[in-house]
Amino acid sequence: MKYLLDTHALLWYLYGNANLSSKAKEIIDNEICYYSKVSLWEIAIKQTKGLLQYKQSIQDIIDACKIEEFEELSVTSNSLELIKSLPDVHRDPFDRLLITMAMDNDLTIITTDSKIPLYNVKTVW
């Protein structure tokens, strides 16, 4: 199985946050995991607004992803098209795009977000 890291799961894993579940950590340690620049965009916006405790640069985060051997997952036109079919359950544009990217690539999202499982997408925490 392959996995897509939600933004918080990515940061929590890279920087050792105790909120990361043991199941999520085990999966990330042992399975193929992807991250998206969508998460990096979200991080940059939240850093600008002072909403994150993490102050690492985007390049530092990308470098850490490379060290962990996470694969970068690109946004495709199909992922963007799928957004049109999502029900209006979650208004977070970053999560909505991560959801369609996971759907488009048959990935399971590693997330603690309780709204994401309301979509037709596999999740684990």
# chains A, B, ... in the order shown; residues from 1 in each chain; ligands from 1
call {"tool": "residues_around", "arguments": {"residues": "Trp41 of chain A", "least_positions_apart": "4", "cutoff": "9 Å", "atoms": "only C-alpha atoms", "output": "list in words"}}
result
Ser36, Lys37, Ile45, Lys46, Ile58 and Phe94 of chain A
call {"tool": "write_last_selection", "arguments": {"atoms": "N, CA, C and O atoms", "output": "PDB file, in the first residue's frame"}}
result
ATOM      1  N   SER A  36       3.121  16.327  -0.913  1.00  0.00           N
ATOM      2  CA  SER A  36       2.739  17.195  -2.022  1.00  0.00           C
ATOM      3  C   SER A  36       3.172  18.632  -1.751  1.00  0.00           C
ATOM      4  O   SER A  36       3.189  19.082  -0.604  1.00  0.00           O
ATOM      5  N   LYS A  37       3.467  19.326  -2.828  1.00  0.00           N
ATOM      6  CA  LYS A  37       3.766  20.756  -2.688  1.00  0.00           C
ATOM      7  C   LYS A  37       2.531  21.524  -2.217  1.00  0.00           C
ATOM      8  O   LYS A  37       2.653  22.651  -1.756  1.00  0.00           O
ATOM      9  N   ILE A  45       1.799  29.489   3.858  1.00  0.00           N
ATOM     10  CA  ILE A  45       0.719  30.420   4.209  1.00  0.00           C
ATOM     11  C   ILE A  45       0.541  30.490   5.726  1.00  0.00           C
ATOM     12  O   ILE A  45       0.439  31.574   6.298  1.00  0.00           O
ATOM     13  N   LYS A  46       0.543  29.338   6.388  1.00  0.00           N
ATOM     14  CA  LYS A  46       0.357  29.331   7.839  1.00  0.00           C
ATOM     15  C   LYS A  46       1.556  29.941   8.566  1.00  0.00           C
ATOM     16  O   LYS A  46       1.379  30.601   9.595  1.00  0.00           O
ATOM     17  N   ILE A  58      10.869  26.335   3.555  1.00  0.00           N
ATOM     18  CA  ILE A  58      10.271  25.345   2.659  1.00  0.00           C
ATOM     19  C   ILE A  58      11.368  24.446   2.098  1.00  0.00           C
ATOM     20  O   ILE A  58      11.189  23.220   2.017  1.00  0.00           O
ATOM     21  N   PHE A  94      -6.697  23.124   0.763  1.00  0.00           N
ATOM     22  CA  PHE A  94      -5.521  22.260   0.760  1.00  0.00           C
ATOM     23  C   PHE A  94      -5.947  20.805   0.941  1.00  0.00           C
ATOM     24  O   PHE A  94      -5.504  19.925   0.201  1.00  0.00           O
TER      25      PHE A  94
END
call {"tool": "residues_around", "arguments": {"residues": "segment 18-23 of chain A", "least_positions_apart": "2", "cutoff": "12 Å", "atoms": "only C-alpha atoms", "output": "MDAnalysis selection string"}}
result
chainID A and resid 5:16 25:31 110:112 124:125
call {"tool": "select_by_dssp", "arguments": {"residues": "chain A", "states": "strand (DSSP E)", "output": "list in words"}}
result
Lys2, Tyr3, Leu4, Leu5, Ile32, Cys33, Tyr34, Tyr35, Ser36, Glu71, Glu72, Leu73, Thr108, Ile109, Ile110, Thr123 and Val124 of chain A
call {"tool": "write_last_selection", "arguments": {"atoms": "N, CA, C and O atoms", "output": "mmCIF file, in the first residue's frame"}}
result
data_model
loop_
_atom_site.group_PDB
_atom_site.id
_atom_site.type_symbol
_atom_site.label_atom_id
_atom_site.label_comp_id
_atom_site.auth_asym_id
_atom_site.auth_seq_id
_atom_site.Cartn_x
_atom_site.Cartn_y
_atom_site.Cartn_z
ATOM 1 N N LYS A 2 0.380 2.314 -0.592
ATOM 2 C CA LYS A 2 1.115 3.576 -0.649
ATOM 3 C C LYS A 2 0.279 4.653 0.031
ATOM 4 O O LYS A 2 -0.950 4.586 0.039
ATOM 5 N N TYR A 3 0.971 5.645 0.554
ATOM 6 C CA TYR A 3 0.331 6.628 1.430
ATOM 7 C C TYR A 3 0.678 8.056 1.025
ATOM 8 O O TYR A 3 1.780 8.331 0.547
ATOM 9 N N LEU A 4 -0.265 8.962 1.284
ATOM 10 C CA LEU A 4 -0.055 10.395 1.118
ATOM 11 C C LEU A 4 -0.110 11.034 2.496
ATOM 12 O O LEU A 4 -1.064 10.810 3.251
ATOM 13 N N LEU A 5 0.898 11.805 2.817
ATOM 14 C CA LEU A 5 0.963 12.457 4.121
ATOM 15 C C LEU A 5 0.168 13.751 4.117
ATOM 16 O O LEU A 5 0.416 14.639 3.292
ATOM 17 N N ILE A 32 5.907 3.114 1.437
ATOM 18 C CA ILE A 32 6.155 4.188 0.473
ATOM 19 C C ILE A 32 5.198 5.332 0.781
ATOM 20 O O ILE A 32 3.981 5.145 0.811
ATOM 21 N N CYS A 33 5.776 6.501 1.028
ATOM 22 C CA CYS A 33 4.967 7.671 1.373
ATOM 23 C C CYS A 33 5.258 8.821 0.417
ATOM 24 O O CYS A 33 6.394 9.026 -0.011
ATOM 25 N N TYR A 34 4.202 9.556 0.137
ATOM 26 C CA TYR A 34 4.279 10.716 -0.734
ATOM 27 C C TYR A 34 3.934 11.974 0.060
ATOM 28 O O TYR A 34 3.179 11.922 1.017
ATOM 29 N N TYR A 35 4.498 13.076 -0.392
ATOM 30 C CA TYR A 35 4.105 14.393 0.099
ATOM 31 C C TYR A 35 3.784 15.229 -1.130
ATOM 32 O O TYR A 35 4.126 14.864 -2.253
ATOM 33 N N SER A 36 3.121 16.327 -0.913
ATOM 34 C CA SER A 36 2.739 17.195 -2.022
ATOM 35 C C SER A 36 3.172 18.632 -1.751
ATOM 36 O O SER A 36 3.189 19.082 -0.604
ATOM 37 N N GLU A 71 8.399 10.453 -1.611
ATOM 38 C CA GLU A 71 8.250 10.796 -3.020
ATOM 39 C C GLU A 71 7.357 12.032 -3.121
ATOM 40 O O GLU A 71 6.381 12.160 -2.383
ATOM 41 N N GLU A 72 7.688 12.916 -4.059
ATOM 42 C CA GLU A 72 6.832 14.079 -4.293
ATOM 43 C C GLU A 72 5.715 13.690 -5.259
ATOM 44 O O GLU A 72 5.973 13.091 -6.303
ATOM 45 N N LEU A 73 4.495 14.010 -4.893
ATOM 46 C CA LEU A 73 3.333 13.731 -5.734
ATOM 47 C C LEU A 73 2.867 15.049 -6.354
ATOM 48 O O LEU A 73 2.578 16.011 -5.647
ATOM 49 N N THR A 108 -3.693 6.059 0.327
ATOM 50 C CA THR A 108 -4.338 6.219 1.625
ATOM 51 C C THR A 108 -3.726 7.449 2.291
ATOM 52 O O THR A 108 -2.498 7.577 2.344
ATOM 53 N N ILE A 109 -4.571 8.342 2.802
ATOM 54 C CA ILE A 109 -4.074 9.557 3.453
ATOM 55 C C ILE A 109 -3.802 9.269 4.920
ATOM 56 O O ILE A 109 -4.665 8.749 5.638
ATOM 57 N N ILE A 110 -2.610 9.625 5.363
ATOM 58 C CA ILE A 110 -2.271 9.538 6.778
ATOM 59 C C ILE A 110 -2.671 10.880 7.393
ATOM 60 O O ILE A 110 -2.063 11.914 7.110
ATOM 61 N N THR A 123 -8.243 6.441 4.578
ATOM 62 C CA THR A 123 -7.429 7.166 5.552
ATOM 63 C C THR A 123 -6.944 6.202 6.610
ATOM 64 O O THR A 123 -7.516 5.121 6.806
ATOM 65 N N VAL A 124 -5.912 6.620 7.316
ATOM 66 C CA VAL A 124 -5.387 5.857 8.451
ATOM 67 C C VAL A 124 -4.786 6.840 9.434
ATOM 68 O O VAL A 124 -4.281 7.894 9.059
#
call {"tool": "residues_around", "arguments": {"residues": "segment 96-100 of chain A", "least_positions_apart": "3", "cutoff": "9 Å", "atoms": "only C-alpha atoms", "output": "list of chain:residue names"}}
result
A:Leu4, A:Leu5, A:Asp6, A:Ser36, A:Val38, A:Ser39, A:Val75, A:Asn78, A:Ser79, A:Leu80, A:Glu81, A:Leu82, A:Ile83, A:Leu86, A:His90, A:Arg91, A:Asp92, A:Pro93, A:Met103, A:Asp104, A:Asn105, A:Ile109, A:Ile116, A:Tyr119, A:Asn120, A:Val121
call {"tool": "write_last_selection", "arguments": {"atoms": "N, CA and C atoms", "output": "PDB file, in the first residue's frame"}}
result
ATOM      1  N   LEU A   4      -0.265   8.962   1.284  1.00  0.00           N
ATOM      2  CA  LEU A   4      -0.055  10.395   1.118  1.00  0.00           C
ATOM      3  C   LEU A   4      -0.110  11.034   2.496  1.00  0.00           C
ATOM      4  N   LEU A   5       0.898  11.805   2.817  1.00  0.00           N
ATOM      5  CA  LEU A   5       0.963  12.457   4.121  1.00  0.00           C
ATOM      6  C   LEU A   5       0.168  13.751   4.117  1.00  0.00           C
ATOM      7  N   ASP A   6      -0.779  13.863   5.027  1.00  0.00           N
ATOM      8  CA  ASP A   6      -1.449  15.140   5.243  1.00  0.00           C
ATOM      9  C   ASP A   6      -0.403  16.089   5.838  1.00  0.00           C
ATOM     10  N   SER A  36       3.121  16.327  -0.913  1.00  0.00           N
ATOM     11  CA  SER A  36       2.739  17.195  -2.022  1.00  0.00           C
ATOM     12  C   SER A  36       3.172  18.632  -1.751  1.00  0.00           C
ATOM     13  N   VAL A  38       1.377  20.901  -2.319  1.00  0.00           N
ATOM     14  CA  VAL A  38       0.162  21.496  -1.743  1.00  0.00           C
ATOM     15  C   VAL A  38       0.386  21.700  -0.241  1.00  0.00           C
ATOM     16  N   SER A  39       0.992  20.716   0.419  1.00  0.00           N
ATOM     17  CA  SER A  39       1.289  20.844   1.849  1.00  0.00           C
ATOM     18  C   SER A  39       2.312  21.946   2.095  1.00  0.00           C
ATOM     19  N   VAL A  75       0.448  17.566  -8.652  1.00  0.00           N
ATOM     20  CA  VAL A  75      -0.960  17.816  -8.939  1.00  0.00           C
ATOM     21  C   VAL A  75      -1.180  17.573 -10.431  1.00  0.00           C
ATOM     22  N   ASN A  78      -6.341  15.855 -13.699  1.00  0.00           N
ATOM     23  CA  ASN A  78      -7.432  14.997 -13.242  1.00  0.00           C
ATOM     24  C   ASN A  78      -7.737  15.239 -11.765  1.00  0.00           C
ATOM     25  N   SER A  79      -6.695  15.421 -10.948  1.00  0.00           N
ATOM     26  CA  SER A  79      -6.916  15.729  -9.528  1.00  0.00           C
ATOM     27  C   SER A  79      -7.700  17.034  -9.376  1.00  0.00           C
ATOM     28  N   LEU A  80      -7.364  18.000 -10.208  1.00  0.00           N
ATOM     29  CA  LEU A  80      -8.079  19.281 -10.155  1.00  0.00           C
ATOM     30  C   LEU A  80      -9.521  19.107 -10.612  1.00  0.00           C
ATOM     31  N   GLU A  81      -9.725  18.307 -11.633  1.00  0.00           N
ATOM     32  CA  GLU A  81     -11.079  18.058 -12.139  1.00  0.00           C
ATOM     33  C   GLU A  81     -11.935  17.348 -11.098  1.00  0.00           C
ATOM     34  N   LEU A  82     -11.320  16.409 -10.360  1.00  0.00           N
ATOM     35  CA  LEU A  82     -12.058  15.655  -9.338  1.00  0.00           C
ATOM     36  C   LEU A  82     -12.609  16.551  -8.225  1.00  0.00           C
ATOM     37  N   ILE A  83     -11.964  17.691  -7.995  1.00  0.00           N
ATOM     38  CA  ILE A  83     -12.446  18.611  -6.957  1.00  0.00           C
ATOM     39  C   ILE A  83     -13.900  18.996  -7.218  1.00  0.00           C
ATOM     40  N   LEU A  86     -16.397  16.636  -5.508  1.00  0.00           N
ATOM     41  CA  LEU A  86     -16.402  16.443  -4.051  1.00  0.00           C
ATOM     42  C   LEU A  86     -17.615  17.099  -3.413  1.00  0.00           C
ATOM     43  N   HIS A  90     -15.887  19.650   3.524  1.00  0.00           N
ATOM     44  CA  HIS A  90     -14.696  20.272   4.101  1.00  0.00           C
ATOM     45  C   HIS A  90     -14.310  21.448   3.207  1.00  0.00           C
ATOM     46  N   ARG A  91     -14.235  22.612   3.779  1.00  0.00           N
ATOM     47  CA  ARG A  91     -13.968  23.800   2.968  1.00  0.00           C
ATOM     48  C   ARG A  91     -12.486  24.122   2.825  1.00  0.00           C
ATOM     49  N   ASP A  92     -11.625  23.363   3.484  1.00  0.00           N
ATOM     50  CA  ASP A  92     -10.184  23.610   3.418  1.00  0.00           C
ATOM     51  C   ASP A  92      -9.673  23.260   2.022  1.00  0.00           C
ATOM     52  N   PRO A  93      -9.219  24.255   1.245  1.00  0.00           N
ATOM     53  CA  PRO A  93      -8.799  23.979  -0.137  1.00  0.00           C
ATOM     54  C   PRO A  93      -7.580  23.061  -0.217  1.00  0.00           C
ATOM     55  N   MET A 103      -7.259  10.157  -4.186  1.00  0.00           N
ATOM     56  CA  MET A 103      -8.240   9.416  -4.973  1.00  0.00           C
ATOM     57  C   MET A 103      -7.668   9.088  -6.354  1.00  0.00           C
ATOM     58  N   ASP A 104      -7.067  10.064  -6.976  1.00  0.00           N
ATOM     59  CA  ASP A 104      -6.538   9.937  -8.334  1.00  0.00           C
ATOM     60  C   ASP A 104      -5.399   8.916  -8.421  1.00  0.00           C
ATOM     61  N   ASN A 105      -4.669   8.747  -7.322  1.00  0.00           N
ATOM     62  CA  ASN A 105      -3.488   7.873  -7.315  1.00  0.00           C
ATOM     63  C   ASN A 105      -3.652   6.629  -6.448  1.00  0.00           C
ATOM     64  N   ILE A 109      -4.571   8.342   2.802  1.00  0.00           N
ATOM     65  CA  ILE A 109      -4.074   9.557   3.453  1.00  0.00           C
ATOM     66  C   ILE A 109      -3.802   9.269   4.920  1.00  0.00           C
ATOM     67  N   ILE A 116     -11.794  14.369   6.727  1.00  0.00           N
ATOM     68  CA  ILE A 116     -11.314  13.717   5.504  1.00  0.00           C
ATOM     69  C   ILE A 116     -11.943  12.342   5.294  1.00  0.00           C
ATOM     70  N   TYR A 119     -15.129  11.650   3.076  1.00  0.00           N
ATOM     71  CA  TYR A 119     -15.064  11.542   1.621  1.00  0.00           C
ATOM     72  C   TYR A 119     -14.799  10.094   1.227  1.00  0.00           C
ATOM     73  N   ASN A 120     -14.930   9.826  -0.030  1.00  0.00           N
ATOM     74  CA  ASN A 120     -14.679   8.490  -0.561  1.00  0.00           C
ATOM     75  C   ASN A 120     -13.167   8.308  -0.794  1.00  0.00           C
ATOM     76  N   VAL A 121     -12.413   8.343   0.309  1.00  0.00           N
ATOM     77  CA  VAL A 121     -10.959   8.228   0.257  1.00  0.00           C
ATOM     78  C   VAL A 121     -10.510   7.400   1.467  1.00  0.00           C
TER      79      VAL A 121
END
call {"tool": "atom_distance", "arguments": {"atom1": "atom CA of Gly50 of chain A", "atom2": "atom CA of Pro117 of chain A"}}
result
27.8 Å
call {"tool": "decode", "arguments": {"residues": "segment 10-33 of chain A", "atoms": "N, CA, C and O atoms", "output": "PDB file, in the first residue's frame"}}
result
ATOM      1  N   LEU A  10       3.036  15.082   7.967  1.00  0.00           N
ATOM      2  CA  LEU A  10       4.359  15.342   7.410  1.00  0.00           C
ATOM      3  C   LEU A  10       5.235  16.082   8.419  1.00  0.00           C
ATOM      4  O   LEU A  10       6.350  15.649   8.735  1.00  0.00           O
ATOM      5  N   LEU A  11       4.725  17.187   8.936  1.00  0.00           N
ATOM      6  CA  LEU A  11       5.502  17.982   9.894  1.00  0.00           C
ATOM      7  C   LEU A  11       5.760  17.212  11.182  1.00  0.00           C
ATOM      8  O   LEU A  11       6.873  17.245  11.721  1.00  0.00           O
ATOM      9  N   TRP A  12       4.747  16.545  11.697  1.00  0.00           N
ATOM     10  CA  TRP A  12       4.904  15.818  12.957  1.00  0.00           C
ATOM     11  C   TRP A  12       5.943  14.710  12.827  1.00  0.00           C
ATOM     12  O   TRP A  12       6.710  14.476  13.741  1.00  0.00           O
ATOM     13  N   TYR A  13       5.950  14.033  11.687  1.00  0.00           N
ATOM     14  CA  TYR A  13       6.944  12.980  11.488  1.00  0.00           C
ATOM     15  C   TYR A  13       8.350  13.574  11.348  1.00  0.00           C
ATOM     16  O   TYR A  13       9.286  13.131  12.013  1.00  0.00           O
ATOM     17  N   LEU A  14       8.486  14.567  10.484  1.00  0.00           N
ATOM     18  CA  LEU A  14       9.813  15.139  10.227  1.00  0.00           C
ATOM     19  C   LEU A  14      10.443  15.745  11.470  1.00  0.00           C
ATOM     20  O   LEU A  14      11.662  15.681  11.644  1.00  0.00           O
ATOM     21  N   TYR A  15       9.614  16.309  12.337  1.00  0.00           N
ATOM     22  CA  TYR A  15      10.151  17.055  13.472  1.00  0.00           C
ATOM     23  C   TYR A  15       9.799  16.449  14.824  1.00  0.00           C
ATOM     24  O   TYR A  15       9.893  17.106  15.859  1.00  0.00           O
ATOM     25  N   GLY A  16       9.427  15.177  14.822  1.00  0.00           N
ATOM     26  CA  GLY A  16       9.297  14.404  16.049  1.00  0.00           C
ATOM     27  C   GLY A  16       8.212  14.846  17.010  1.00  0.00           C
ATOM     28  O   GLY A  16       8.384  14.753  18.221  1.00  0.00           O
ATOM     29  N   ASN A  17       7.079  15.278  16.500  1.00  0.00           N
ATOM     30  CA  ASN A  17       5.987  15.695  17.366  1.00  0.00           C
ATOM     31  C   ASN A  17       5.311  14.476  17.987  1.00  0.00           C
ATOM     32  O   ASN A  17       4.961  13.520  17.292  1.00  0.00           O
ATOM     33  N   ALA A  18       5.104  14.516  19.288  1.00  0.00           N
ATOM     34  CA  ALA A  18       4.508  13.397  20.022  1.00  0.00           C
ATOM     35  C   ALA A  18       3.046  13.142  19.644  1.00  0.00           C
ATOM     36  O   ALA A  18       2.498  12.093  19.987  1.00  0.00           O
ATOM     37  N   ASN A  19       2.407  14.061  18.936  1.00  0.00           N
ATOM     38  CA  ASN A  19       1.020  13.866  18.507  1.00  0.00           C
ATOM     39  C   ASN A  19       0.879  12.847  17.382  1.00  0.00           C
ATOM     40  O   ASN A  19      -0.219  12.378  17.108  1.00  0.00           O
ATOM     41  N   LEU A  20       1.979  12.496  16.734  1.00  0.00           N
ATOM     42  CA  LEU A  20       1.936  11.493  15.676  1.00  0.00           C
ATOM     43  C   LEU A  20       1.631  10.138  16.295  1.00  0.00           C
ATOM     44  O   LEU A  20       2.307   9.713  17.230  1.00  0.00           O
ATOM     45  N   SER A  21       0.604   9.472  15.789  1.00  0.00           N
ATOM     46  CA  SER A  21       0.234   8.181  16.357  1.00  0.00           C
ATOM     47  C   SER A  21       1.322   7.144  16.085  1.00  0.00           C
ATOM     48  O   SER A  21       2.069   7.248  15.103  1.00  0.00           O
ATOM     49  N   SER A  22       1.394   6.148  16.940  1.00  0.00           N
ATOM     50  CA  SER A  22       2.396   5.091  16.743  1.00  0.00           C
ATOM     51  C   SER A  22       2.116   4.324  15.453  1.00  0.00           C
ATOM     52  O   SER A  22       3.052   3.909  14.759  1.00  0.00           O
ATOM     53  N   LYS A  23       0.840   4.141  15.112  1.00  0.00           N
ATOM     54  CA  LYS A  23       0.480   3.459  13.869  1.00  0.00           C
ATOM     55  C   LYS A  23       0.956   4.263  12.664  1.00  0.00           C
ATOM     56  O   LYS A  23       1.530   3.711  11.721  1.00  0.00           O
ATOM     57  N   ALA A  24       0.722   5.579  12.688  1.00  0.00           N
ATOM     58  CA  ALA A  24       1.157   6.438  11.588  1.00  0.00           C
ATOM     59  C   ALA A  24       2.675   6.403  11.460  1.00  0.00           C
ATOM     60  O   ALA A  24       3.218   6.285  10.357  1.00  0.00           O
ATOM     61  N   LYS A  25       3.371   6.480  12.580  1.00  0.00           N
ATOM     62  CA  LYS A  25       4.841   6.453  12.556  1.00  0.00           C
ATOM     63  C   LYS A  25       5.343   5.146  11.973  1.00  0.00           C
ATOM     64  O   LYS A  25       6.263   5.139  11.144  1.00  0.00           O
ATOM     65  N   GLU A  26       4.749   4.038  12.371  1.00  0.00           N
ATOM     66  CA  GLU A  26       5.165   2.735  11.861  1.00  0.00           C
ATOM     67  C   GLU A  26       4.964   2.645  10.351  1.00  0.00           C
ATOM     68  O   GLU A  26       5.825   2.149   9.622  1.00  0.00           O
ATOM     69  N   ILE A  27       3.832   3.134   9.876  1.00  0.00           N
ATOM     70  CA  ILE A  27       3.563   3.122   8.437  1.00  0.00           C
ATOM     71  C   ILE A  27       4.588   3.979   7.702  1.00  0.00           C
ATOM     72  O   ILE A  27       5.175   3.554   6.701  1.00  0.00           O
ATOM     73  N   ILE A  28       4.810   5.194   8.200  1.00  0.00           N
ATOM     74  CA  ILE A  28       5.742   6.108   7.535  1.00  0.00           C
ATOM     75  C   ILE A  28       7.153   5.533   7.540  1.00  0.00           C
ATOM     76  O   ILE A  28       7.889   5.665   6.560  1.00  0.00           O
ATOM     77  N   ASP A  29       7.516   4.876   8.619  1.00  0.00           N
ATOM     78  CA  ASP A  29       8.847   4.262   8.708  1.00  0.00           C
ATOM     79  C   ASP A  29       9.036   3.123   7.707  1.00  0.00           C
ATOM     80  O   ASP A  29      10.162   2.862   7.285  1.00  0.00           O
ATOM     81  N   ASN A  30       7.958   2.438   7.344  1.00  0.00           N
ATOM     82  CA  ASN A  30       8.099   1.181   6.617  1.00  0.00           C
ATOM     83  C   ASN A  30       7.451   1.107   5.241  1.00  0.00           C
ATOM     84  O   ASN A  30       7.615   0.109   4.547  1.00  0.00           O
ATOM     85  N   GLU A  31       6.698   2.115   4.864  1.00  0.00           N
ATOM     86  CA  GLU A  31       5.967   2.047   3.598  1.00  0.00           C
ATOM     87  C   GLU A  31       6.365   3.197   2.674  1.00  0.00           C
ATOM     88  O   GLU A  31       7.040   4.139   3.092  1.00  0.00           O
ATOM     89  N   ILE A  32       5.907   3.114   1.437  1.00  0.00           N
ATOM     90  CA  ILE A  32       6.155   4.188   0.473  1.00  0.00           C
ATOM     91  C   ILE A  32       5.198   5.332   0.781  1.00  0.00           C
ATOM     92  O   ILE A  32       3.981   5.145   0.811  1.00  0.00           O
ATOM     93  N   CYS A  33       5.776   6.501   1.028  1.00  0.00           N
ATOM     94  CA  CYS A  33       4.967   7.671   1.373  1.00  0.00           C
ATOM     95  C   CYS A  33       5.258   8.821   0.417  1.00  0.00           C
ATOM     96  O   CYS A  33       6.394   9.026  -0.011  1.00  0.00           O
TER      97      CYS A  33
END
